[in-house]
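Novice: Provided below: final_19.tsv, containing TSV, C-alpha atoms.
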```
chain	number	residue	atom	x	y	z
A	1397	SER	CA	58.23	129.58	110.45
A	1398	GLU	CA	54.77	128.60	109.23
A	1399	LEU	CA	51.64	126.75	110.29
A	1400	SER	CA	50.79	123.30	109.05
A	1401	ARG	CA	47.32	122.46	107.76
A	1402	HIS	CA	46.54	121.28	111.28
A	1403	GLY	CA	47.48	124.70	112.69
A	1404	LYS	CA	50.73	123.47	114.25
A	1405	GLU	CA	53.90	125.61	114.00
A	1406	ARG	CA	56.72	124.20	111.90
A	1407	PHE	CA	59.92	125.53	110.31
A	1408	ARG	CA	60.91	125.40	106.66
A	1409	VAL	CA	64.49	125.67	105.32
A	1410	VAL	CA	64.68	126.69	101.65
A	1411	VAL	CA	67.74	125.64	99.68
A	1412	GLN	CA	68.73	127.21	96.35
A	1413	THR	CA	70.30	124.62	94.00
A	1414	PRO	CA	71.48	124.89	90.37
A	1415	SER	CA	68.30	123.11	89.29
A	1416	GLY	CA	65.99	125.27	91.39
A	1417	LYS	CA	64.73	125.54	94.94
A	1418	LYS	CA	63.91	122.79	97.38
A	1419	SER	CA	62.62	123.00	100.94
A	1420	ILE	CA	62.91	120.84	104.04
A	1421	VAL	CA	60.44	121.05	106.92
A	1422	PHE	CA	61.37	120.64	110.60
A	1423	ASN	CA	59.12	120.36	113.65
A	1424	THR	CA	61.18	122.62	115.94
A	1425	LEU	CA	63.40	125.69	115.54
A	1426	ALA	CA	66.39	123.84	117.06
A	1427	GLU	CA	66.07	121.05	114.48
A	1428	ALA	CA	65.76	123.61	111.69
A	1429	ASN	CA	68.93	125.43	112.84
A	1430	ARG	CA	70.88	122.16	113.00
A	1431	GLY	CA	69.62	121.22	109.55
A	1432	ARG	CA	70.53	124.63	108.16
A	1433	GLN	CA	74.07	124.40	109.54
A	1434	ARG	CA	74.47	120.90	108.10
A	1435	LEU	CA	73.22	122.04	104.69
A	1436	GLU	CA	75.52	125.09	104.72
A	1437	LYS	CA	78.49	122.83	105.45
A	1438	LEU	CA	77.60	120.51	102.58
A	1439	HIS	CA	77.10	123.54	100.34
A	1440	ARG	CA	80.59	124.83	101.13
A	1441	GLN	CA	82.11	121.39	100.53
A	1442	ASP	CA	80.44	121.18	97.12
A	1443	PHE	CA	82.43	124.23	96.07
A	1444	GLU	CA	85.72	123.14	97.68
A	1445	LYS	CA	88.64	122.04	95.57
A	1446	PRO	CA	89.24	118.28	95.58
A	1447	VAL	CA	92.40	117.04	97.28
A	1448	ALA	CA	94.04	116.36	93.89
A	1449	GLU	CA	93.85	120.09	93.04
A	1450	LEU	CA	95.16	121.02	96.49
A	1451	ILE	CA	98.19	118.78	95.95
A	1452	GLU	CA	98.93	120.61	92.69
A	1453	GLU	CA	98.57	123.97	94.45
A	1454	TYR	CA	100.78	122.79	97.30
A	1455	GLN	CA	103.51	121.80	94.83
A	1456	THR	CA	103.43	125.28	93.30
A	1457	HIS	CA	103.62	126.79	96.80
A	1458	CYS	CA	106.67	124.67	97.64
A	1459	VAL	CA	108.54	125.81	94.52
A	1460	THR	CA	107.63	129.50	94.67
A	1461	GLU	CA	107.38	130.20	98.41
A	1462	ARG	CA	109.54	127.56	100.08
A	1463	GLN	CA	112.15	127.57	97.31
A	1464	TYR	CA	112.06	123.79	96.89
A	1465	ARG	CA	114.14	122.35	94.13
A	1466	PRO	CA	111.97	121.06	91.27
A	1467	ARG	CA	112.99	117.46	91.95
A	1468	THR	CA	112.13	117.74	95.67
A	1469	ALA	CA	108.73	119.26	94.85
A	1470	HIS	CA	108.13	116.49	92.29
A	1471	VAL	CA	108.94	113.76	94.82
A	1472	GLU	CA	106.59	115.24	97.42
A	1473	HIS	CA	103.86	115.64	94.80
A	1474	ARG	CA	104.28	112.00	93.72
A	1475	ARG	CA	104.13	110.69	97.29
A	1476	LEU	CA	101.08	112.80	98.23
A	1477	SER	CA	99.30	111.71	95.04
A	1478	GLY	CA	100.05	108.09	95.93
A	1479	ILE	CA	98.71	108.51	99.47
A	1480	PHE	CA	95.43	109.99	98.20
A	1481	LEU	CA	95.29	107.81	95.07
A	1482	GLN	CA	91.88	106.36	95.93
A	1483	LYS	CA	90.58	109.69	97.33
A	1484	ALA	CA	91.55	112.18	94.62
A	1485	ASP	CA	88.03	113.69	94.56
A	1486	MET	CA	87.71	113.92	98.34
A	1487	ARG	CA	87.24	117.31	100.03
A	1488	LEU	CA	89.92	117.81	102.66
A	1489	SER	CA	87.48	119.38	105.14
A	1490	ARG	CA	85.66	116.04	105.36
A	1491	LEU	CA	88.81	114.38	106.66
A	1492	THR	CA	88.16	114.27	110.41
A	1493	ARG	CA	90.78	113.36	112.97
A	1494	ALA	CA	89.44	109.80	113.14
A	1495	LYS	CA	89.53	109.44	109.35
A	1496	ALA	CA	93.07	110.87	109.25
A	1497	GLU	CA	94.18	108.30	111.84
A	1498	ALA	CA	92.60	105.50	109.80
A	1499	LEU	CA	94.34	106.79	106.66
A	1500	THR	CA	97.78	106.88	108.28
A	1501	GLN	CA	97.32	103.50	109.99
A	1502	ALA	CA	96.71	102.01	106.53
A	1503	LEU	CA	99.89	103.72	105.30
A	1504	TRP	CA	102.06	102.28	108.06
A	1505	VAL	CA	101.23	98.69	107.04
A	1506	ARG	CA	101.83	99.12	103.30
A	1507	GLY	CA	104.05	96.64	101.54
A	1508	ASN	CA	107.07	97.56	99.44
A	1509	ARG	CA	106.16	96.88	95.81
A	1510	LYS	CA	109.77	97.20	94.62
A	1511	SER	CA	111.46	94.84	97.07
A	1512	GLY	CA	108.44	92.71	97.86
A	1513	ALA	CA	108.85	93.33	101.61
A	1514	GLU	CA	105.70	93.09	103.72
A	1515	ARG	CA	106.28	96.52	105.29
A	1516	LEU	CA	107.91	99.73	104.19
A	1517	ALA	CA	110.80	100.95	106.32
A	1518	VAL	CA	109.96	103.00	109.42
A	1519	ALA	CA	112.01	105.89	108.01
A	1520	THR	CA	109.88	105.88	104.84
A	1521	ASN	CA	106.66	106.00	106.85
A	1522	ARG	CA	108.04	108.79	109.03
A	1523	TYR	CA	108.86	110.78	105.91
A	1524	ASP	CA	105.27	110.37	104.72
A	1525	GLY	CA	104.00	111.36	108.18
A	1526	ARG	CA	106.03	114.58	108.14
A	1527	LEU	CA	104.91	115.25	104.57
A	1528	LEU	CA	101.25	114.93	105.53
A	1529	GLY	CA	101.86	117.25	108.47
A	1530	ARG	CA	103.37	119.92	106.19
A	1531	PHE	CA	100.53	119.50	103.69
A	1532	GLY	CA	97.91	119.87	106.44
A	1533	GLU	CA	99.71	122.91	107.88
A	1534	TRP	CA	99.72	124.60	104.47
A	1535	ALA	CA	96.01	123.80	103.96
A	1536	CYS	CA	95.25	125.47	107.32
A	1537	LYS	CA	97.16	128.62	106.44
A	1538	ALA	CA	95.46	128.70	103.03
A	1539	LYS	CA	92.06	128.54	104.85
A	1540	TYR	CA	91.01	125.29	103.19
A	1541	ILE	CA	90.54	123.52	106.55
A	1542	PRO	CA	90.12	124.90	110.09
A	1543	GLU	CA	92.75	122.63	111.68
A	1544	ASN	CA	95.47	120.18	110.66
A	1545	PRO	CA	94.15	116.60	111.07
A	1546	PHE	CA	97.63	115.08	110.67
A	1547	VAL	CA	99.31	116.66	113.70
A	1548	GLY	CA	101.13	114.05	115.79
A	1549	LEU	CA	100.29	111.09	113.54
A	1550	MET	CA	103.56	109.18	113.20
A	1551	PRO	CA	104.36	105.46	112.94
A	1552	THR	CA	105.79	103.49	115.83
A	1553	GLY	CA	109.10	101.70	115.66
A	1554	LYS	CA	112.75	102.64	115.32
A	1555	ALA	CA	114.24	103.78	112.04
A	1556	ASN	CA	117.42	102.18	110.77
A	1557	VAL	CA	120.43	104.44	111.29
A	1558	GLY	CA	123.51	104.57	109.11
A	1559	LYS	CA	124.48	102.89	105.86
A	1560	VAL	CA	126.31	99.69	105.02
A	1561	HIS	CA	129.99	100.47	104.32
A	1562	LEU	CA	132.39	98.54	102.15
A	1563	THR	CA	134.84	96.22	103.86
A	1564	THR	CA	138.58	96.68	103.28
A	1565	ASP	CA	138.66	93.90	100.69
A	1566	GLU	CA	135.62	95.34	98.92
A	1567	ARG	CA	137.20	98.78	98.83
A	1568	VAL	CA	140.36	97.37	97.23
A	1569	LYS	CA	138.29	95.58	94.57
A	1570	TRP	CA	136.25	98.76	93.96
A	1571	VAL	CA	139.38	100.88	93.46
A	1572	ARG	CA	140.90	98.35	91.06
A	1573	ALA	CA	137.71	98.12	89.03
A	1574	CYS	CA	137.46	101.93	88.84
A	1575	GLU	CA	141.12	102.31	87.85
A	1576	ASP	CA	140.73	99.71	85.09
A	1577	ALA	CA	137.64	101.53	83.77
A	1578	MET	CA	139.43	104.90	84.00
A	1579	ALA	CA	142.32	103.47	81.95
A	1580	ARG	CA	139.75	102.75	79.25
A	1581	GLY	CA	138.56	106.39	79.40
A	1582	SER	CA	135.55	106.09	81.70
A	1583	GLU	CA	134.66	109.43	83.31
A	1584	LEU	CA	131.93	107.80	85.42
A	1585	ALA	CA	134.52	105.56	87.04
A	1586	LEU	CA	136.50	108.66	88.02
A	1587	ALA	CA	133.36	110.17	89.60
A	1588	ALA	CA	132.61	106.92	91.46
A	1589	LEU	CA	136.15	106.69	92.80
A	1590	PHE	CA	136.05	110.30	94.02
A	1591	CYS	CA	132.83	109.52	95.92
A	1592	LEU	CA	134.61	106.62	97.61
A	1593	TYR	CA	137.66	108.70	98.56
A	1594	ARG	CA	135.85	111.85	99.73
A	1595	GLY	CA	132.40	110.59	100.78
A	1596	THR	CA	130.48	112.91	98.47
A	1597	ARG	CA	127.02	112.41	97.02
A	1598	ALA	CA	126.94	111.18	93.43
A	1599	ALA	CA	124.91	114.23	92.32
A	1600	GLU	CA	127.49	116.58	93.86
A	1601	ILE	CA	130.15	115.17	91.53
A	1602	MET	CA	128.01	114.73	88.43
A	1603	GLN	CA	126.94	118.40	88.50
A	1604	ARG	CA	130.46	119.84	88.56
A	1605	CYS	CA	131.87	121.97	85.74
A	1606	VAL	CA	135.43	122.84	84.73
A	1607	ARG	CA	135.74	125.95	86.91
A	1608	ASP	CA	134.98	123.87	90.02
A	1609	VAL	CA	138.42	122.26	89.74
A	1610	ASP	CA	140.56	124.87	91.50
A	1611	ASP	CA	144.09	125.48	92.81
A	1612	LEU	CA	145.88	123.66	89.98
A	1613	GLY	CA	143.77	120.58	90.40
A	1614	ARG	CA	144.18	120.33	94.17
A	1615	LYS	CA	140.69	121.54	95.22
A	1616	LEU	CA	137.15	120.76	94.12
A	1617	ILE	CA	134.44	123.37	94.77
A	1618	ILE	CA	131.05	121.89	95.70
A	1619	SER	CA	128.24	124.42	95.14
A	1620	GLY	CA	124.47	124.12	94.85
A	1621	ALA	CA	124.47	121.18	97.27
A	1622	LYS	CA	121.41	119.62	98.86
A	1623	THR	CA	121.96	121.71	102.02
A	1624	GLN	CA	123.81	124.96	102.72
A	1625	ALA	CA	126.37	123.07	104.77
A	1626	GLY	CA	127.02	120.90	101.71
A	1627	ASN	CA	128.63	123.83	99.86
A	1628	ARG	CA	132.34	123.30	100.54
A	1629	ARG	CA	135.85	122.93	99.12
A	1630	LEU	CA	137.37	119.46	99.09
A	1631	SER	CA	140.92	118.43	98.54
A	1632	ILE	CA	141.34	116.20	95.49
A	1633	PRO	CA	143.30	113.01	96.24
A	1634	GLU	CA	146.72	113.13	94.59
A	1635	ALA	CA	145.99	109.92	92.66
A	1636	LEU	CA	143.04	111.62	90.92
A	1637	ARG	CA	144.47	115.09	90.20
A	1638	GLY	CA	145.71	114.18	86.76
```
Transcribe the structure of this file into structure tokens.
Specialist:
Amino acid sequence: SELSRHGKERFRVVVQTPSGKKSIVFNTLAEANRGRQRLEKLHRQDFEKPVAELIEEYQTHCVTERQYRPRTAHVEHRRLSGIFLQKADMRLSRLTRAKAEALTQALWVRGNRKSGAERLAVATNRYDGRLLGRFGEWACKAKYIPENPFVGLMPTGKANVGKVHLTTDERVKWVRACEDAMARGSELALAALFCLYRGTRAAEIMQRCVRDVDDLGRKLIISGAKTQAGNRRLSIPEALRG
């Protein structure tokens, strides 16, 4: 506190900056306290990591602490970087609930650049919503922000359920095409046909090694699957055992 040249009490807040000191004068103590708190908040934000660095740190956390597979961590990193593409230098603490809602509302109406569709699928937007929620939860636990601004922010609409299956005629044509390719020595055709017969993921077959063929060619051991339940033993169709 100090007196002005007119003898009136006023309050001065002194701020230390890299280039020196600067001061701001307020008429009342309440105004000075509010100004000090605002300046302290801005000061902390100046030393915060930008959201681009937090995304990198979050990816490392997912690999080391959550035991994500490298590809899964890479996909999440790519999607988060795309969401914050225009805000890479933003400080996450400045993202209020209202700004987070505006950000997600813009996401839900994105177009699909690959297919040219006006909107991305509801399932895709829900994935991004859950991803933002996990990112915000991690940032809270890491003490970068006081609360998660993305809690409960999910798109409306119903996600498509299930996949399109081949018809009987299409299955017959698929088997014939695979058998013709196998006769010419194609190993990929054998993998594709096994996926059709046993309903496996393509990666589950492509990652197999010799020891996974067990019981004289009657069983195939699936290990290192996407989920724990995916680790299993499958019978090999008699037509493919050779």
Novice: Choose the residue, out of A:Ala1469, A:Ile1541, A:Leu1589, A:Ala1517, that has the smallest atom-to-atom separation from Trp1504 (chain A); count only C-alpha atoms.
Specialist: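 Comparing A:Ala1469, A:Ile1541, A:Leu1589, A:Ala1517 against Trp1504 (chain A), the winner is A:Ala1517.
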Novice: Can you check which parts of region 1400-1495 of chain A lie within 12 Å of region 1622-1628 of chain A? Per residue, the shortest pair of atoms and distance in Å to one decimal, counting only C-alpha atoms, sorted by chain and number, as CSV.
Specialist:
```
residue,atom,partner,partner_atom,distance
A:Tyr1464,CA,A:Lys1622,CA,10.4
A:Arg1465,CA,A:Lys1622,CA,9.1
A:Arg1467,CA,A:Lys1622,CA,11.1
A:Thr1468,CA,A:Lys1622,CA,10.0
```
Novice: Give me, as a ChimeraX atom specification, all polymer residues having an atom no more than 12 Å from region 1533-1535 of chain A, counting all atoms listed in the file and skipping those fewer than 4 positions away in the same chain.
Specialist: /A:1445,1447,1449-1451,1453-1458,1461-1462,1487-1489,1526-1529,1539-1548
Novice: Counting only C-alpha atoms, which residue out of A:Ala1577, A:Leu1586, A:Asp1485, A:Met1550 sits closest to Glu1497 (chain A)?
Specialist: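 Closest to Glu1497 (chain A) of all the choices is A:Met1550.
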Novice: Identify, on the basis of only C-alpha atoms, every residue whose closest approach to region 1629-1635 of chain A does not exceed 12 Å; exclude the query and any residue fewer than 5 positions from it along the same chain; express the result as a list in words.
Specialist: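 My reading of the contact set: Val1571, Glu1575, Met1578, Leu1586, Ala1587, Leu1589, Phe1590, Cys1591, Leu1592, Tyr1593, Arg1594, Gly1595, Thr1596, Glu1600, Ile1601, Asp1608, Val1609, Asp1610, Asp1611, Leu1612, Gly1613, Arg1614, Lys1615, Leu1616, Ile1617, Ile1618, Ser1619 and Ala1621 of chain A.
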Novice: Pick out the closest residue to Thr1500 (chain A) from this set: A:Asp1524, A:Glu1405, A:Asp1565, A:Glu1514. Count all atoms listed in the file.
Specialist: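 Going through A:Asp1524, A:Glu1405, A:Asp1565, A:Glu1514 one by one, the smallest distance to Thr1500 (chain A) is for A:Asp1524.
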Novice: Calculated over all atoms listed in the file, which of the candidates A:Gly1512, A:Ala1428, A:Gly1620, A:Gln1482 has the smallest distance to Cys1605 (chain A)?
Specialist: A:Gly1620
Novice: Considering only C-alpha atoms, return as a list of chain:residue names whatever protein or nucleic-acid residues lie within 10 Å of Ser1397 (chain A), sequence-local ones (same chain, fewer than 3 positions apart) excluded.
Specialist: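 That gives A:Ser1400, A:Glu1405, A:Arg1406, A:Phe1407, A:Arg1408, A:Val1409, A:Val1421, A:Phe1422, A:Asn1423, A:Thr1424, A:Leu1425, A:Ala1428.
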Novice: Do you know which residues lie at most 12 Å from (99.6, 101.5, 100.3), with coordinates as in the file and all atoms listed in the file counted, and could you write them as a ChimeraX atom specification?
Specialist: /A:1475-1482,1499-1509,1514-1516,1521,1524
Novice: Kindly indicate which residue among A:Ala1579, A:Ala1426, A:Met1486, A:Leu1435 lies nearest to Ala1448 (chain A), using only C-alpha atoms for the distances.
Specialist: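 Looking only at the distances to Ala1448 (chain A), the closest residue turns out to be A:Met1486.
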Novice: Pick the closest to Thr1520 (chain A) from A:Thr1552, A:Ala1573, A:Ala1585, A:Leu1491: which is it, counting all atoms listed in the file?
Specialist: A:Thr1552
Novice: Could you jot down the CA of Ile1420 (chain A) to CA of Glu1436 (chain A) separation for me, Å, one decimal place?
Specialist: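 Between these atoms lies a distance of 13.3 Å.
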Novice: How far is it from CA of Ala1599 (chain A) to CA of Arg1580 (chain A), in Å with one decimal?
Specialist: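 It comes out at 22.9 Å.
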Novice: Report, in Å with one decimal, the straight-line distance from CA of His1470 (chain A) to CA of Arg1604 (chain A).
Specialist: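 Answer for the CA of His1470 (chain A) to CA of Arg1604 (chain A) separation: 22.9 Å.
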Novice: Is it possible to add N, CA and C atoms to region 1559-1588 of chain A and hand it back as a PDB file, in the coordinates of the input?
Specialist:
```pdb
ATOM      1  N   LYS A1559     124.464 103.637 107.120  1.00  0.00           N
ATOM      2  CA  LYS A1559     124.480 102.890 105.860  1.00  0.00           C
ATOM      3  C   LYS A1559     125.519 101.774 105.949  1.00  0.00           C
ATOM      4  N   VAL A1560     125.340 100.789 105.085  1.00  0.00           N
ATOM      5  CA  VAL A1560     126.310  99.690 105.020  1.00  0.00           C
ATOM      6  C   VAL A1560     127.553 100.188 104.297  1.00  0.00           C
ATOM      7  N   HIS A1561     128.727 100.015 104.907  1.00  0.00           N
ATOM      8  CA  HIS A1561     129.990 100.470 104.320  1.00  0.00           C
ATOM      9  C   HIS A1561     130.754  99.286 103.734  1.00  0.00           C
ATOM     10  N   LEU A1562     131.565  99.583 102.754  1.00  0.00           N
ATOM     11  CA  LEU A1562     132.390  98.540 102.150  1.00  0.00           C
ATOM     12  C   LEU A1562     133.431  98.050 103.145  1.00  0.00           C
ATOM     13  N   THR A1563     133.728  96.763 103.071  1.00  0.00           N
ATOM     14  CA  THR A1563     134.840  96.220 103.860  1.00  0.00           C
ATOM     15  C   THR A1563     136.152  96.605 103.182  1.00  0.00           C
ATOM     16  N   THR A1564     137.272  96.345 103.851  1.00  0.00           N
ATOM     17  CA  THR A1564     138.580  96.680 103.280  1.00  0.00           C
ATOM     18  C   THR A1564     138.800  95.956 101.963  1.00  0.00           C
ATOM     19  N   ASP A1565     138.481  94.652 101.927  1.00  0.00           N
ATOM     20  CA  ASP A1565     138.660  93.900 100.690  1.00  0.00           C
ATOM     21  C   ASP A1565     137.763  94.422  99.574  1.00  0.00           C
ATOM     22  N   GLU A1566     136.543  94.801  99.927  1.00  0.00           N
ATOM     23  CA  GLU A1566     135.620  95.340  98.920  1.00  0.00           C
ATOM     24  C   GLU A1566     136.097  96.688  98.391  1.00  0.00           C
ATOM     25  N   ARG A1567     136.666  97.500  99.272  1.00  0.00           N
ATOM     26  CA  ARG A1567     137.200  98.780  98.830  1.00  0.00           C
ATOM     27  C   ARG A1567     138.351  98.591  97.840  1.00  0.00           C
ATOM     28  N   VAL A1568     139.230  97.644  98.126  1.00  0.00           N
ATOM     29  CA  VAL A1568     140.360  97.370  97.230  1.00  0.00           C
ATOM     30  C   VAL A1568     139.847  96.936  95.857  1.00  0.00           C
ATOM     31  N   LYS A1569     138.844  96.040  95.841  1.00  0.00           N
ATOM     32  CA  LYS A1569     138.290  95.580  94.570  1.00  0.00           C
ATOM     33  C   LYS A1569     137.615  96.732  93.825  1.00  0.00           C
ATOM     34  N   TRP A1570     136.923  97.601  94.569  1.00  0.00           N
ATOM     35  CA  TRP A1570     136.250  98.760  93.960  1.00  0.00           C
ATOM     36  C   TRP A1570     137.263  99.691  93.292  1.00  0.00           C
ATOM     37  N   VAL A1571     138.358  99.982  94.003  1.00  0.00           N
ATOM     38  CA  VAL A1571     139.380 100.880  93.460  1.00  0.00           C
ATOM     39  C   VAL A1571     139.997 100.283  92.207  1.00  0.00           C
ATOM     40  N   ARG A1572     140.290  98.990  92.236  1.00  0.00           N
ATOM     41  CA  ARG A1572     140.900  98.350  91.060  1.00  0.00           C
ATOM     42  C   ARG A1572     139.951  98.383  89.869  1.00  0.00           C
ATOM     43  N   ALA A1573     138.687  98.104  90.122  1.00  0.00           N
ATOM     44  CA  ALA A1573     137.710  98.120  89.030  1.00  0.00           C
ATOM     45  C   ALA A1573     137.574  99.527  88.438  1.00  0.00           C
ATOM     46  N   CYS A1574     137.559 100.542  89.312  1.00  0.00           N
ATOM     47  CA  CYS A1574     137.460 101.930  88.840  1.00  0.00           C
ATOM     48  C   CYS A1574     138.699 102.327  88.051  1.00  0.00           C
ATOM     49  N   GLU A1575     139.872 101.950  88.541  1.00  0.00           N
ATOM     50  CA  GLU A1575     141.120 102.310  87.850  1.00  0.00           C
ATOM     51  C   GLU A1575     141.193 101.645  86.485  1.00  0.00           C
ATOM     52  N   ASP A1576     140.736 100.385  86.399  1.00  0.00           N
ATOM     53  CA  ASP A1576     140.730  99.710  85.090  1.00  0.00           C
ATOM     54  C   ASP A1576     139.773 100.418  84.130  1.00  0.00           C
ATOM     55  N   ALA A1577     138.610 100.830  84.621  1.00  0.00           N
ATOM     56  CA  ALA A1577     137.640 101.530  83.770  1.00  0.00           C
ATOM     57  C   ALA A1577     138.169 102.913  83.375  1.00  0.00           C
ATOM     58  N   MET A1578     138.858 103.595  84.315  1.00  0.00           N
ATOM     59  CA  MET A1578     139.430 104.900  84.000  1.00  0.00           C
ATOM     60  C   MET A1578     140.501 104.784  82.931  1.00  0.00           C
ATOM     61  N   ALA A1579     141.284 103.690  82.962  1.00  0.00           N
ATOM     62  CA  ALA A1579     142.320 103.470  81.950  1.00  0.00           C
ATOM     63  C   ALA A1579     141.700 103.317  80.561  1.00  0.00           C
ATOM     64  N   ARG A1580     140.455 102.888  80.533  1.00  0.00           N
ATOM     65  CA  ARG A1580     139.750 102.750  79.250  1.00  0.00           C
ATOM     66  C   ARG A1580     138.977 104.022  78.895  1.00  0.00           C
ATOM     67  N   GLY A1581     139.151 105.091  79.705  1.00  0.00           N
ATOM     68  CA  GLY A1581     138.560 106.390  79.400  1.00  0.00           C
ATOM     69  C   GLY A1581     137.218 106.661  80.045  1.00  0.00           C
ATOM     70  N   SER A1582     136.848 105.888  81.060  1.00  0.00           N
ATOM     71  CA  SER A1582     135.550 106.090  81.700  1.00  0.00           C
ATOM     72  C   SER A1582     135.599 107.278  82.662  1.00  0.00           C
ATOM     73  N   GLU A1583     134.762 108.296  82.396  1.00  0.00           N
ATOM     74  CA  GLU A1583     134.660 109.430  83.310  1.00  0.00           C
ATOM     75  C   GLU A1583     133.779 109.080  84.511  1.00  0.00           C
ATOM     76  N   LEU A1584     132.800 108.209  84.304  1.00  0.00           N
ATOM     77  CA  LEU A1584     131.930 107.800  85.420  1.00  0.00           C
ATOM     78  C   LEU A1584     132.718 107.060  86.490  1.00  0.00           C
ATOM     79  N   ALA A1585     133.698 106.278  86.071  1.00  0.00           N
ATOM     80  CA  ALA A1585     134.520 105.560  87.040  1.00  0.00           C
ATOM     81  C   ALA A1585     135.312 106.543  87.892  1.00  0.00           C
ATOM     82  N   LEU A1586     135.780 107.634  87.268  1.00  0.00           N
ATOM     83  CA  LEU A1586     136.500 108.660  88.020  1.00  0.00           C
ATOM     84  C   LEU A1586     135.575 109.294  89.065  1.00  0.00           C
ATOM     85  N   ALA A1587     134.328 109.593  88.672  1.00  0.00           N
ATOM     86  CA  ALA A1587     133.360 110.170  89.600  1.00  0.00           C
ATOM     87  C   ALA A1587     133.067 109.204  90.746  1.00  0.00           C
ATOM     88  N   ALA A1588     132.896 107.919  90.428  1.00  0.00           N
ATOM     89  CA  ALA A1588     132.610 106.920  91.460  1.00  0.00           C
ATOM     90  C   ALA A1588     133.763 106.777  92.438  1.00  0.00           C
TER      91      ALA A1588
END
```
